[in-house]
$ cat my_file_8.pdb   # PDB, C-alpha atoms
MODEL        1
ATOM      1  CA  MET U   1       0.000   0.000   0.000
ATOM      2  CA  ASP U   2       1.508   3.377  -0.981
ATOM      3  CA  TRP U   3       1.666   6.398   1.335
ATOM      4  CA  THR U   4      -1.364   8.143  -0.223
ATOM      5  CA  HIS U   5      -3.620   5.459   1.282
ATOM      6  CA  ARG U   6      -2.217   6.015   4.772
ATOM      7  CA  ILE U   7      -2.101   9.796   4.997
ATOM      8  CA  ARG U   8      -4.991  11.511   6.795
ATOM      9  CA  LEU U   9      -6.565  14.932   6.425
ATOM     10  CA  ARG U  10      -5.084  15.988   9.750
ATOM     11  CA  HIS U  11      -1.642  15.149   8.387
ATOM     12  CA  LEU U  12      -2.231  17.412   5.379
ATOM     13  CA  ALA U  13      -3.257  20.259   7.660
ATOM     14  CA  ILE U  14      -0.115  19.778   9.767
ATOM     15  CA  LEU U  15       2.063  19.776   6.658
ATOM     16  CA  VAL U  16       0.515  23.048   5.453
ATOM     17  CA  ARG U  17       1.034  24.629   8.865
ATOM     18  CA  LEU U  18       4.697  23.518   8.959
ATOM     19  CA  CYS U  19       5.288  25.112   5.557
ATOM     20  CA  GLU U  20       3.695  28.330   6.774
ATOM     21  CA  SER U  21       5.431  28.632  10.147
ATOM     22  CA  ARG U  22       8.729  26.854   9.366
ATOM     23  CA  ASN U  23       8.919  26.169  13.097
ATOM     24  CA  LEU U  24       8.488  22.685  14.599
ATOM     25  CA  SER U  25       8.247  23.947  18.173
ATOM     26  CA  GLN U  26       5.479  26.424  17.340
ATOM     27  CA  VAL U  27       3.375  23.871  15.450
ATOM     28  CA  ALA U  28       3.877  21.254  18.164
ATOM     29  CA  SER U  29       2.615  23.757  20.746
ATOM     30  CA  GLU U  30      -0.424  24.535  18.585
ATOM     31  CA  LEU U  31      -1.184  20.803  18.316
ATOM     32  CA  ASN U  32      -0.583  20.266  22.030
ATOM     33  CA  ILE U  33       2.073  17.602  21.404
ATOM     34  CA  THR U  34       5.808  17.501  22.057
ATOM     35  CA  GLN U  35       8.323  18.660  19.466
ATOM     36  CA  PRO U  36      10.087  15.246  19.401
ATOM     37  CA  ALA U  37       6.755  13.578  18.637
ATOM     38  CA  LEU U  38       6.125  15.971  15.747
ATOM     39  CA  SER U  39       9.683  15.513  14.445
ATOM     40  CA  LYS U  40       9.259  11.734  14.572
ATOM     41  CA  TRP U  41       5.994  11.956  12.619
ATOM     42  CA  LEU U  42       7.592  14.184   9.992
ATOM     43  CA  ARG U  43      10.571  11.859   9.545
ATOM     44  CA  SER U  44       8.171   8.929   9.210
ATOM     45  CA  LEU U  45       6.196  10.761   6.527
ATOM     46  CA  GLU U  46       9.357  11.601   4.576
ATOM     47  CA  GLU U  47      10.521   7.970   4.780
ATOM     48  CA  ASP U  48       7.095   6.792   3.635
ATOM     49  CA  ILE U  49       7.127   9.156   0.643
ATOM     50  CA  GLY U  50      10.801   8.573  -0.049
ATOM     51  CA  LEU U  51      11.612  12.268  -0.473
ATOM     52  CA  PRO U  52      12.856  15.059   1.846
ATOM     53  CA  LEU U  53      10.031  17.503   2.536
ATOM     54  CA  PHE U  54      11.998  19.875   4.772
ATOM     55  CA  GLU U  55      15.566  20.931   5.348
ATOM     56  CA  ARG U  56      16.527  21.212   9.022
ATOM     57  CA  HIS U  57      18.464  24.246  10.232
ATOM     58  CA  ALA U  58      19.428  25.613  13.633
ATOM     59  CA  ARG U  59      16.868  28.388  13.212
ATOM     60  CA  GLY U  60      14.043  26.128  12.068
ATOM     61  CA  ILE U  61      12.953  24.173   9.012
ATOM     62  CA  GLU U  62      12.652  25.131   5.346
ATOM     63  CA  PRO U  63      10.348  23.292   2.914
ATOM     64  CA  THR U  64      12.060  21.674  -0.045
ATOM     65  CA  LEU U  65      10.712  21.712  -3.582
ATOM     66  CA  TYR U  66       8.919  18.441  -2.744
ATOM     67  CA  GLY U  67       7.447  19.892   0.425
ATOM     68  CA  LEU U  68       6.137  22.976  -1.374
ATOM     69  CA  GLU U  69       4.589  20.862  -4.108
ATOM     70  CA  LEU U  70       2.870  18.599  -1.586
ATOM     71  CA  ARG U  71       1.641  21.669   0.297
ATOM     72  CA  THR U  72      -0.030  22.937  -2.890
ATOM     73  CA  HIS U  73      -1.944  19.675  -3.313
ATOM     74  CA  ALA U  74      -2.747  19.499   0.409
ATOM     75  CA  ARG U  75      -4.269  22.981   0.346
ATOM     76  CA  GLU U  76      -6.361  22.081  -2.669
ATOM     77  CA  ILE U  77      -7.652  18.891  -1.030
ATOM     78  CA  LEU U  78      -8.505  20.686   2.212
ATOM     79  CA  GLY U  79     -10.153  23.520   0.313
ATOM     80  CA  LYS U  80     -12.299  21.166  -1.739
ATOM     81  CA  LEU U  81     -13.432  19.278   1.350
ATOM     82  CA  GLY U  82     -14.311  22.531   3.062
ATOM     83  CA  ARG U  83     -16.373  23.514   0.030
ATOM     84  CA  ALA U  84     -18.017  20.074  -0.005
ATOM     85  CA  GLN U  85     -19.004  20.394   3.646
ATOM     86  CA  ASP U  86     -20.522  23.815   3.018
ATOM     87  CA  THR U  87     -22.364  22.622  -0.088
ATOM     88  CA  MET U  88     -23.885  19.664   1.745
ATOM     89  CA  ALA U  89     -25.167  21.996   4.464
ATOM     90  CA  GLN U  90     -26.735  24.331   1.887
ATOM     91  CA  LEU U  91     -28.357  21.448  -0.010
ATOM     92  CA  ALA U  92     -29.885  20.260   3.241
ATOM     93  CA  HIS U  93     -31.507  23.706   3.609
ATOM     94  CA  GLY U  94     -33.066  23.712   0.138
ATOM     95  CA  ALA U  95     -30.348  25.143  -2.076
ATOM     96  CA  THR U  96     -29.632  23.436  -5.400
ATOM     97  CA  GLY U  97     -25.912  24.202  -5.322
ATOM     98  CA  THR U  98     -23.304  26.792  -4.411
ATOM     99  CA  LEU U  99     -21.008  29.033  -6.431
ATOM    100  CA  ALA U 100     -18.025  30.808  -4.846
ATOM    101  CA  VAL U 101     -16.770  33.949  -6.565
ATOM    102  CA  GLY U 102     -13.780  36.090  -5.599
ATOM    103  CA  VAL U 103     -13.731  39.689  -6.810
ATOM    104  CA  THR U 104     -11.403  42.657  -6.470
ATOM    105  CA  PRO U 105     -12.768  45.881  -4.920
ATOM    106  CA  ASN U 106     -12.536  47.991  -8.067
ATOM    107  CA  ILE U 107     -14.726  45.553 -10.043
ATOM    108  CA  ALA U 108     -17.422  44.489  -7.584
ATOM    109  CA  PRO U 109     -19.841  47.466  -7.863
ATOM    110  CA  VAL U 110     -19.880  47.777 -11.669
ATOM    111  CA  LEU U 111     -19.510  44.373 -13.355
ATOM    112  CA  LEU U 112     -21.015  41.957 -10.855
ATOM    113  CA  PRO U 113     -24.570  43.282 -10.230
ATOM    114  CA  PRO U 114     -25.861  42.821 -13.818
ATOM    115  CA  GLY U 115     -24.115  39.459 -14.104
ATOM    116  CA  ILE U 116     -25.578  38.256 -10.807
ATOM    117  CA  ARG U 117     -29.101  39.361 -11.768
ATOM    118  CA  ARG U 118     -28.876  37.393 -15.006
ATOM    119  CA  PHE U 119     -27.462  34.345 -13.200
ATOM    120  CA  ARG U 120     -30.226  34.359 -10.555
ATOM    121  CA  GLU U 121     -32.928  34.416 -13.221
ATOM    122  CA  ARG U 122     -31.840  30.926 -14.292
ATOM    123  CA  TYR U 123     -30.577  29.606 -10.948
ATOM    124  CA  PRO U 124     -32.609  31.279  -8.187
ATOM    125  CA  LYS U 125     -31.865  28.521  -5.645
ATOM    126  CA  VAL U 126     -28.098  28.410  -6.098
ATOM    127  CA  LEU U 127     -26.298  30.041  -3.189
ATOM    128  CA  LEU U 128     -23.837  32.603  -4.536
ATOM    129  CA  ARG U 129     -20.939  33.284  -2.176
ATOM    130  CA  LEU U 130     -19.003  36.494  -2.902
ATOM    131  CA  ALA U 131     -15.672  37.405  -1.325
ATOM    132  CA  GLU U 132     -14.032  40.774  -2.004
ATOM    133  CA  ASN U 133     -10.282  41.173  -1.556
ATOM    134  CA  THR U 134      -7.095  42.075  -3.377
ATOM    135  CA  LEU U 135      -5.590  39.688  -5.910
ATOM    136  CA  ASP U 136      -2.598  38.777  -3.744
ATOM    137  CA  HIS U 137      -5.090  37.296  -1.253
ATOM    138  CA  LEU U 138      -7.543  35.809  -3.754
ATOM    139  CA  LEU U 139      -5.197  34.003  -6.144
ATOM    140  CA  PRO U 140      -3.669  31.559  -3.612
ATOM    141  CA  LEU U 141      -7.172  30.692  -2.382
ATOM    142  CA  MET U 142      -8.263  30.226  -5.990
ATOM    143  CA  GLN U 143      -5.486  27.682  -6.488
ATOM    144  CA  GLU U 144      -6.609  25.828  -3.372
ATOM    145  CA  GLY U 145     -10.150  25.454  -4.704
ATOM    146  CA  SER U 146     -11.838  27.984  -2.414
ATOM    147  CA  TYR U 147     -13.383  29.813  -5.397
ATOM    148  CA  ASP U 148     -14.946  28.698  -8.663
ATOM    149  CA  VAL U 149     -14.366  31.982 -10.496
ATOM    150  CA  LEU U 150     -12.265  35.055  -9.791
ATOM    151  CA  VAL U 151     -13.003  38.434 -11.379
ATOM    152  CA  GLY U 152     -10.639  41.367 -11.272
ATOM    153  CA  ARG U 153      -8.134  43.686 -12.841
ATOM    154  CA  LEU U 154      -5.329  41.378 -13.820
ATOM    155  CA  GLU U 155      -2.524  41.018 -16.320
ATOM    156  CA  GLN U 156      -2.412  37.523 -17.828
ATOM    157  CA  HIS U 157       1.331  37.042 -17.377
ATOM    158  CA  SER U 158       1.015  37.376 -13.603
ATOM    159  CA  LEU U 159      -1.199  34.294 -13.210
ATOM    160  CA  PRO U 160      -0.097  31.331 -11.096
ATOM    161  CA  ARG U 161       0.133  27.991 -12.830
ATOM    162  CA  ASN U 162      -2.913  25.824 -13.540
ATOM    163  CA  LEU U 163      -5.251  28.808 -13.814
ATOM    164  CA  HIS U 164      -7.008  29.984 -16.958
ATOM    165  CA  TYR U 165      -7.756  33.579 -17.903
ATOM    166  CA  GLU U 166     -10.114  35.418 -20.233
ATOM    167  CA  GLU U 167     -10.119  39.153 -20.848
ATOM    168  CA  LEU U 168     -13.508  40.841 -20.505
ATOM    169  CA  TYR U 169     -12.585  44.444 -21.294
ATOM    170  CA  ASP U 170      -9.820  46.994 -20.962
ATOM    171  CA  GLU U 171     -10.161  50.533 -19.681
ATOM    172  CA  PRO U 172      -8.018  53.473 -18.630
ATOM    173  CA  ILE U 173      -7.537  54.644 -15.099
ATOM    174  CA  CYS U 174      -8.295  58.173 -13.956
ATOM    175  CA  LEU U 175      -7.878  60.408 -10.920
ATOM    176  CA  ALA U 176     -10.773  61.323  -8.644
ATOM    177  CA  VAL U 177     -11.341  63.754  -5.776
ATOM    178  CA  GLY U 178     -14.133  64.656  -3.394
ATOM    179  CA  GLY U 179     -16.656  67.388  -4.146
ATOM    180  CA  SER U 180     -14.984  69.935  -1.857
ATOM    181  CA  HIS U 181     -11.462  69.348  -3.165
ATOM    182  CA  PRO U 182      -9.621  72.458  -4.487
ATOM    183  CA  LEU U 183      -9.334  70.789  -7.917
ATOM    184  CA  ALA U 184     -13.006  69.730  -8.104
ATOM    185  CA  GLY U 185     -14.863  71.365 -10.975
ATOM    186  CA  LYS U 186     -11.779  72.625 -12.782
ATOM    187  CA  ARG U 187     -11.876  72.336 -16.570
ATOM    188  CA  SER U 188      -8.147  71.808 -16.853
ATOM    189  CA  VAL U 189      -5.792  69.981 -14.478
ATOM    190  CA  THR U 190      -2.069  69.285 -14.856
ATOM    191  CA  TRP U 191       0.250  66.755 -13.263
ATOM    192  CA  ARG U 192       1.739  69.610 -11.263
ATOM    193  CA  ASP U 193      -1.713  70.344  -9.828
ATOM    194  CA  VAL U 194      -2.354  66.772  -8.642
ATOM    195  CA  GLN U 195       1.204  66.316  -7.372
ATOM    196  CA  ALA U 196       0.608  69.236  -5.003
ATOM    197  CA  HIS U 197      -1.919  67.157  -3.019
ATOM    198  CA  PRO U 198      -1.624  63.914  -0.989
ATOM    199  CA  TRP U 199      -2.812  60.692  -2.599
ATOM    200  CA  ILE U 200      -4.625  57.509  -1.640
ATOM    201  CA  VAL U 201      -2.801  54.661  -3.365
ATOM    202  CA  PRO U 202      -3.509  50.907  -3.604
ATOM    203  CA  GLY U 203      -1.073  48.351  -2.207
ATOM    204  CA  PRO U 204       2.248  47.856  -4.043
ATOM    205  CA  SER U 205       1.391  44.347  -5.297
ATOM    206  CA  THR U 206      -1.990  45.255  -6.820
ATOM    207  CA  PRO U 207      -2.560  45.624 -10.581
ATOM    208  CA  MET U 208      -4.002  49.119 -10.044
ATOM    209  CA  ARG U 209      -0.830  50.255  -8.283
ATOM    210  CA  MET U 210       1.367  48.774 -11.002
ATOM    211  CA  ARG U 211      -0.736  50.462 -13.666
ATOM    212  CA  MET U 212      -0.553  53.796 -11.824
ATOM    213  CA  ASP U 213       3.224  53.507 -11.459
ATOM    214  CA  TYR U 214       3.451  52.822 -15.202
ATOM    215  CA  GLU U 215       1.302  55.872 -15.966
ATOM    216  CA  LEU U 216       3.526  58.066 -13.806
ATOM    217  CA  ALA U 217       6.580  56.733 -15.647
ATOM    218  CA  LEU U 218       4.980  57.503 -19.032
ATOM    219  CA  ALA U 219       4.327  61.070 -17.894
ATOM    220  CA  GLY U 220       7.832  61.445 -16.457
ATOM    221  CA  GLN U 221       6.384  62.057 -13.004
ATOM    222  CA  PRO U 222       7.873  61.135  -9.628
ATOM    223  CA  ALA U 223       5.948  59.070  -7.101
ATOM    224  CA  PRO U 224       3.216  61.219  -5.514
ATOM    225  CA  TRP U 225       2.918  62.161  -1.874
ATOM    226  CA  GLN U 226       1.307  58.984  -0.538
ATOM    227  CA  GLN U 227      -0.580  59.755   2.630
ATOM    228  CA  VAL U 228      -2.850  56.679   2.661
ATOM    229  CA  GLU U 229      -2.343  53.167   1.231
ATOM    230  CA  SER U 230      -5.693  51.402   0.884
ATOM    231  CA  SER U 231      -7.554  49.049  -1.482
ATOM    232  CA  SER U 232     -10.922  49.460   0.265
ATOM    233  CA  VAL U 233     -13.332  51.259  -2.051
ATOM    234  CA  LEU U 234     -15.734  52.246   0.749
ATOM    235  CA  VAL U 235     -12.962  53.550   2.993
ATOM    236  CA  ASN U 236     -11.404  55.478   0.116
ATOM    237  CA  LEU U 237     -14.707  57.125  -0.783
ATOM    238  CA  SER U 238     -15.168  58.208   2.812
ATOM    239  CA  LEU U 239     -11.632  59.597   2.915
ATOM    240  CA  LEU U 240     -12.176  61.641  -0.259
ATOM    241  CA  ALA U 241     -15.154  63.447   1.228
ATOM    242  CA  ASP U 242     -14.172  66.824   2.690
ATOM    243  CA  SER U 243     -10.445  66.257   2.135
ATOM    244  CA  ASP U 244      -7.663  67.280  -0.254
ATOM    245  CA  LEU U 245      -6.805  63.659  -1.164
ATOM    246  CA  VAL U 246      -6.431  62.420  -4.761
ATOM    247  CA  MET U 247      -7.224  58.803  -5.695
ATOM    248  CA  PRO U 248      -6.459  56.710  -8.818
ATOM    249  CA  ILE U 249      -9.490  54.668  -9.838
ATOM    250  CA  SER U 250     -10.698  52.641 -12.820
ATOM    251  CA  GLU U 251     -12.779  54.627 -15.299
ATOM    252  CA  ARG U 252     -15.947  52.506 -15.034
ATOM    253  CA  LEU U 253     -15.915  52.617 -11.264
ATOM    254  CA  ALA U 254     -15.280  56.355 -11.335
ATOM    255  CA  ARG U 255     -18.286  56.935 -13.619
ATOM    256  CA  HIS U 256     -20.420  54.765 -11.332
ATOM    257  CA  PHE U 257     -19.666  56.858  -8.246
ATOM    258  CA  ALA U 258     -19.650  60.177 -10.122
ATOM    259  CA  LYS U 259     -23.274  59.559 -11.169
ATOM    260  CA  GLN U 260     -24.110  59.347  -7.464
ATOM    261  CA  ASN U 261     -22.257  62.640  -6.830
ATOM    262  CA  MET U 262     -19.819  60.854  -4.532
ATOM    263  CA  ILE U 263     -16.654  61.875  -6.419
ATOM    264  CA  GLN U 264     -15.485  64.104  -9.246
ATOM    265  CA  VAL U 265     -13.215  62.840 -12.008
ATOM    266  CA  LEU U 266     -10.303  65.122 -12.819
ATOM    267  CA  PRO U 267      -9.781  66.072 -16.505
ATOM    268  CA  LEU U 268      -6.281  64.626 -16.757
ATOM    269  CA  ALA U 269      -5.875  62.152 -19.621
ATOM    270  CA  MET U 270      -4.169  58.813 -18.984
ATOM    271  CA  ARG U 271      -2.413  56.870 -21.734
ATOM    272  CA  SER U 272      -2.246  53.323 -20.360
ATOM    273  CA  ARG U 273      -5.094  50.843 -20.083
ATOM    274  CA  GLY U 274      -5.696  48.057 -17.596
ATOM    275  CA  ILE U 275      -7.268  44.678 -18.311
ATOM    276  CA  THR U 276     -10.225  43.274 -16.407
ATOM    277  CA  GLY U 277     -10.914  39.589 -16.772
ATOM    278  CA  MET U 278     -11.977  36.368 -15.103
ATOM    279  CA  VAL U 279      -9.897  33.449 -13.854
ATOM    280  CA  TRP U 280     -10.906  29.840 -13.349
ATOM    281  CA  ARG U 281      -9.485  26.388 -12.788
ATOM    282  CA  ASP U 282     -10.193  23.338 -14.978
ATOM    283  CA  ALA U 283     -12.823  22.085 -12.558
ATOM    284  CA  ALA U 284     -14.972  25.196 -13.087
ATOM    285  CA  LEU U 285     -15.739  24.198 -16.686
ATOM    286  CA  ALA U 286     -17.314  20.977 -15.421
ATOM    287  CA  SER U 287     -19.746  22.991 -13.297
ATOM    288  CA  GLU U 288     -22.807  24.230 -15.175
ATOM    289  CA  HIS U 289     -23.234  26.963 -12.545
ATOM    290  CA  ALA U 290     -19.690  28.294 -12.967
ATOM    291  CA  ALA U 291     -19.835  28.047 -16.757
ATOM    292  CA  TYR U 292     -23.110  29.967 -16.922
ATOM    293  CA  PHE U 293     -21.920  32.593 -14.441
ATOM    294  CA  MET U 294     -18.903  33.278 -16.666
ATOM    295  CA  GLU U 295     -21.251  33.627 -19.641
ATOM    296  CA  CYS U 296     -23.296  36.143 -17.619
ATOM    297  CA  LEU U 297     -20.142  38.170 -17.034
ATOM    298  CA  ARG U 298     -19.368  38.153 -20.762
ATOM    299  CA  LEU U 299     -22.848  39.485 -21.497
ATOM    300  CA  SER U 300     -22.526  42.172 -18.802
ATOM    301  CA  ARG U 301     -19.248  43.706 -19.946
TER
ENDMDL
END

$ encode --input "my_file_8.pdb" --output "structure tokens"
Amino acid sequence: MDWTHRIRLRHLAILVRLCESRNLSQVASELNITQPALSKWLRSLEEDIGLPLFERHARGIEPTLYGLELRTHAREILGKLGRAQDTMAQLAHGATGTLAVGVTPNIAPVLLPPGIRRFRERYPKVLLRLAENTLDHLLPLMQEGSYDVLVGRLEQHSLPRNLHYEELYDEPICLAVGGSHPLAGKRSVTWRDVQAHPWIVPGPSTPMRMRMDYELALAGQPAPWQQVESSSVLVNLSLLADSDLVMPISERLARHFAKQNMIQVLPLAMRSRGITGMVWRDAALASEHAAYFMECLRLSR
């Protein structure tokens, strides 16, 4: 009998935790067992598999290439079982299925509502679970099987392996301010004008931040005065009100909030364009719910 028939779910969870903490003593304490007992179990697992999963150092342990690869599969297995448990509970309460969708903050208010309305017309009893976060948080969870579809501003070359991507539309970014901002209502705005005020900027690993940095480079502009770093749309809108802050934002989202008189878009042309698309794993194509939801997004763009 090979090792895959002997390993348990608890073992997979321990392996994932060891890769995360890289500390045997810490994980042993969390499990309420002794460190020698955990070390013995790990050595036994490595002997069973026939490959070194961790390198031992005086300062802790470091996962090998084999350990990292096994962690990836372990996360996916644990994620799928978690989804299965949730789906069973929803089916027991009358749902006909579940669909988990991850979305980035700059996309959620403009692309999702029409797509969700169309989806619910056909599948009114399918529970739709939405999670909003930045891509650096969503993509690892997507690989683990926590989501069926991910929607966001994303460049295709930045995708992790085993994920598929389809572009929905591209659009420029723009700069927005609150209604009481000194630049609000001006017919002409220059880079010098906006550089004179503090900015709200997204996190450094987000596609919006990378696109904004590229735009600044095209214009020969230095990095702005960054007073706030935030990817929360609601927080950013609140911060713009009655302040002198400037915020980069996608054009569609800016138009959405401008119609509600929540922001004003500055008349400063941008030359670069960002891509918004959807990401899925192979398993999503086998799900009629996921496949139809993606079609709803295509029709809503």

$ closest_residue --input "my_file_8.pdb" --among "U:Leu150, U:Leu42, U:Leu268, U:Ala37" --to "Leu112 of chain U" --atoms "all atoms listed in the file"
U:Leu150

$ closest_residue --input "my_file_8.pdb" --among "U:Glu295, U:Asp136, U:Glu166, U:Glu215" --to "Ile275 of chain U" --atoms "only C-alpha atoms"
U:Glu166

$ closest_atom_pairs --input "my_file_8.pdb" --of "segment 230-262 of chain U" --to "segment 271-274 of chain U" --cutoff "12 Å" --atoms "only C-alpha atoms" --output "JSON lines"
{"residue": "U:Ile249", "atom": "CA", "partner": "U:Gly274", "partner_atom": "CA", "distance": 10.9}
{"residue": "U:Ser250", "atom": "CA", "partner": "U:Gly274", "partner_atom": "CA", "distance": 8.3}
{"residue": "U:Glu251", "atom": "CA", "partner": "U:Arg273", "partner_atom": "CA", "distance": 9.8}
{"residue": "U:Arg252", "atom": "CA", "partner": "U:Gly274", "partner_atom": "CA", "distance": 11.5}

$ closest_residue --input "my_file_8.pdb" --among "U:Ala131, U:Ala100, U:Leu9, U:Leu111" --to "Tyr147 of chain U" --atoms "only C-alpha atoms"
U:Ala100

$ resolve_selection --input "my_file_8.pdb" --expression "the PyMOL selection byres ((chain U and resi 179) around 8)" --output "PDB file with C-alpha atoms, in the frame of the given file"
ATOM      1  CA  VAL U 177     -11.341  63.754  -5.776  1.00  0.00           C
ATOM      2  CA  GLY U 178     -14.133  64.656  -3.394  1.00  0.00           C
ATOM      3  CA  SER U 180     -14.984  69.935  -1.857  1.00  0.00           C
ATOM      4  CA  HIS U 181     -11.462  69.348  -3.165  1.00  0.00           C
ATOM      5  CA  ALA U 184     -13.006  69.730  -8.104  1.00  0.00           C
ATOM      6  CA  ALA U 241     -15.154  63.447   1.228  1.00  0.00           C
ATOM      7  CA  ASP U 242     -14.172  66.824   2.690  1.00  0.00           C
ATOM      8  CA  ASN U 261     -22.257  62.640  -6.830  1.00  0.00           C
ATOM      9  CA  MET U 262     -19.819  60.854  -4.532  1.00  0.00           C
ATOM     10  CA  ILE U 263     -16.654  61.875  -6.419  1.00  0.00           C
ATOM     11  CA  GLN U 264     -15.485  64.104  -9.246  1.00  0.00           C
TER      12      GLN U 264
END

$ resolve_selection --input "my_file_8.pdb" --expression "the PyMOL selection byres ((chain U and resi 199) around 12)" --output "PDB file with C-alpha atoms, in the coordinates of the input"
ATOM      1  CA  LEU U 175      -7.878  60.408 -10.920  1.00  0.00           C
ATOM      2  CA  ALA U 176     -10.773  61.323  -8.644  1.00  0.00           C
ATOM      3  CA  VAL U 177     -11.341  63.754  -5.776  1.00  0.00           C
ATOM      4  CA  VAL U 194      -2.354  66.772  -8.642  1.00  0.00           C
ATOM      5  CA  GLN U 195       1.204  66.316  -7.372  1.00  0.00           C
ATOM      6  CA  ALA U 196       0.608  69.236  -5.003  1.00  0.00           C
ATOM      7  CA  HIS U 197      -1.919  67.157  -3.019  1.00  0.00           C
ATOM      8  CA  PRO U 198      -1.624  63.914  -0.989  1.00  0.00           C
ATOM      9  CA  ILE U 200      -4.625  57.509  -1.640  1.00  0.00           C
ATOM     10  CA  VAL U 201      -2.801  54.661  -3.365  1.00  0.00           C
ATOM     11  CA  PRO U 202      -3.509  50.907  -3.604  1.00  0.00           C
ATOM     12  CA  MET U 212      -0.553  53.796 -11.824  1.00  0.00           C
ATOM     13  CA  ALA U 223       5.948  59.070  -7.101  1.00  0.00           C
ATOM     14  CA  PRO U 224       3.216  61.219  -5.514  1.00  0.00           C
ATOM     15  CA  TRP U 225       2.918  62.161  -1.874  1.00  0.00           C
ATOM     16  CA  GLN U 226       1.307  58.984  -0.538  1.00  0.00           C
ATOM     17  CA  GLN U 227      -0.580  59.755   2.630  1.00  0.00           C
ATOM     18  CA  VAL U 228      -2.850  56.679   2.661  1.00  0.00           C
ATOM     19  CA  GLU U 229      -2.343  53.167   1.231  1.00  0.00           C
ATOM     20  CA  SER U 230      -5.693  51.402   0.884  1.00  0.00           C
ATOM     21  CA  ASN U 236     -11.404  55.478   0.116  1.00  0.00           C
ATOM     22  CA  LEU U 239     -11.632  59.597   2.915  1.00  0.00           C
ATOM     23  CA  LEU U 240     -12.176  61.641  -0.259  1.00  0.00           C
ATOM     24  CA  SER U 243     -10.445  66.257   2.135  1.00  0.00           C
ATOM     25  CA  ASP U 244      -7.663  67.280  -0.254  1.00  0.00           C
ATOM     26  CA  LEU U 245      -6.805  63.659  -1.164  1.00  0.00           C
ATOM     27  CA  VAL U 246      -6.431  62.420  -4.761  1.00  0.00           C
ATOM     28  CA  MET U 247      -7.224  58.803  -5.695  1.00  0.00           C
ATOM     29  CA  PRO U 248      -6.459  56.710  -8.818  1.00  0.00           C
ATOM     30  CA  ILE U 249      -9.490  54.668  -9.838  1.00  0.00           C
TER      31      ILE U 249
END

$ closest_residue --input "my_file_8.pdb" --among "U:Gly102, U:Arg59, U:Trp191, U:Cys174" --to "His137 of chain U" --atoms "only C-alpha atoms"
U:Gly102

$ atom_distance --input "my_file_8.pdb" --atom1 "atom CA of Pro204 of chain U" --atom2 "atom CA of Leu135 of chain U"
11.5 Å

$ residues_around --input "my_file_8.pdb" --residues "Lys186 of chain U" --least-positions-apart "6" --cutoff "10 Å" --atoms "all atoms listed in the file" --output "list of chain:residue names"
U:Gln264, U:Val265, U:Leu266, U:Pro267

$ residues_around --input "my_file_8.pdb" --residues "Arg75 of chain U" --least-positions-apart "4" --cutoff "12 Å" --atoms "all atoms listed in the file" --output "list of chain:residue names"
U:Leu9, U:Arg10, U:His11, U:Leu12, U:Ala13, U:Ile14, U:Leu15, U:Val16, U:Arg17, U:Cys19, U:Glu20, U:Leu68, U:Glu69, U:Leu70, U:Arg71, U:Gly79, U:Lys80, U:Leu81, U:Gly82, U:Pro140, U:Leu141, U:Met142, U:Gln143, U:Glu144, U:Gly145, U:Ser146

$ write_last_selection --input "my_file_8.pdb" --atoms "C-alpha atoms" --output "CSV table (one decimal), in the frame of the given file"
chain,number,residue,atom,x,y,z
U,9,LEU,CA,-6.6,14.9,6.4
U,10,ARG,CA,-5.1,16.0,9.8
U,11,HIS,CA,-1.6,15.1,8.4
U,12,LEU,CA,-2.2,17.4,5.4
U,13,ALA,CA,-3.3,20.3,7.7
U,14,ILE,CA,-0.1,19.8,9.8
U,15,LEU,CA,2.1,19.8,6.7
U,16,VAL,CA,0.5,23.0,5.5
U,17,ARG,CA,1.0,24.6,8.9
U,19,CYS,CA,5.3,25.1,5.6
U,20,GLU,CA,3.7,28.3,6.8
U,68,LEU,CA,6.1,23.0,-1.4
U,69,GLU,CA,4.6,20.9,-4.1
U,70,LEU,CA,2.9,18.6,-1.6
U,71,ARG,CA,1.6,21.7,0.3
U,79,GLY,CA,-10.2,23.5,0.3
U,80,LYS,CA,-12.3,21.2,-1.7
U,81,LEU,CA,-13.4,19.3,1.4
U,82,GLY,CA,-14.3,22.5,3.1
U,140,PRO,CA,-3.7,31.6,-3.6
U,141,LEU,CA,-7.2,30.7,-2.4
U,142,MET,CA,-8.3,30.2,-6.0
U,143,GLN,CA,-5.5,27.7,-6.5
U,144,GLU,CA,-6.6,25.8,-3.4
U,145,GLY,CA,-10.2,25.5,-4.7
U,146,SER,CA,-11.8,28.0,-2.4

$ residues_around --input "my_file_8.pdb" --residues "His57 of chain U" --least-positions-apart "3" --cutoff "12 Å" --atoms "all atoms listed in the file" --output "list in words"
Arg22, Asn23, Leu24, Phe54, Gly60, Ile61, Glu62 and Pro63 of chain U

$ atom_distance --input "my_file_8.pdb" --atom1 "atom CA of Val126 of chain U" --atom2 "atom CA of Gln85 of chain U"
15.6 Å
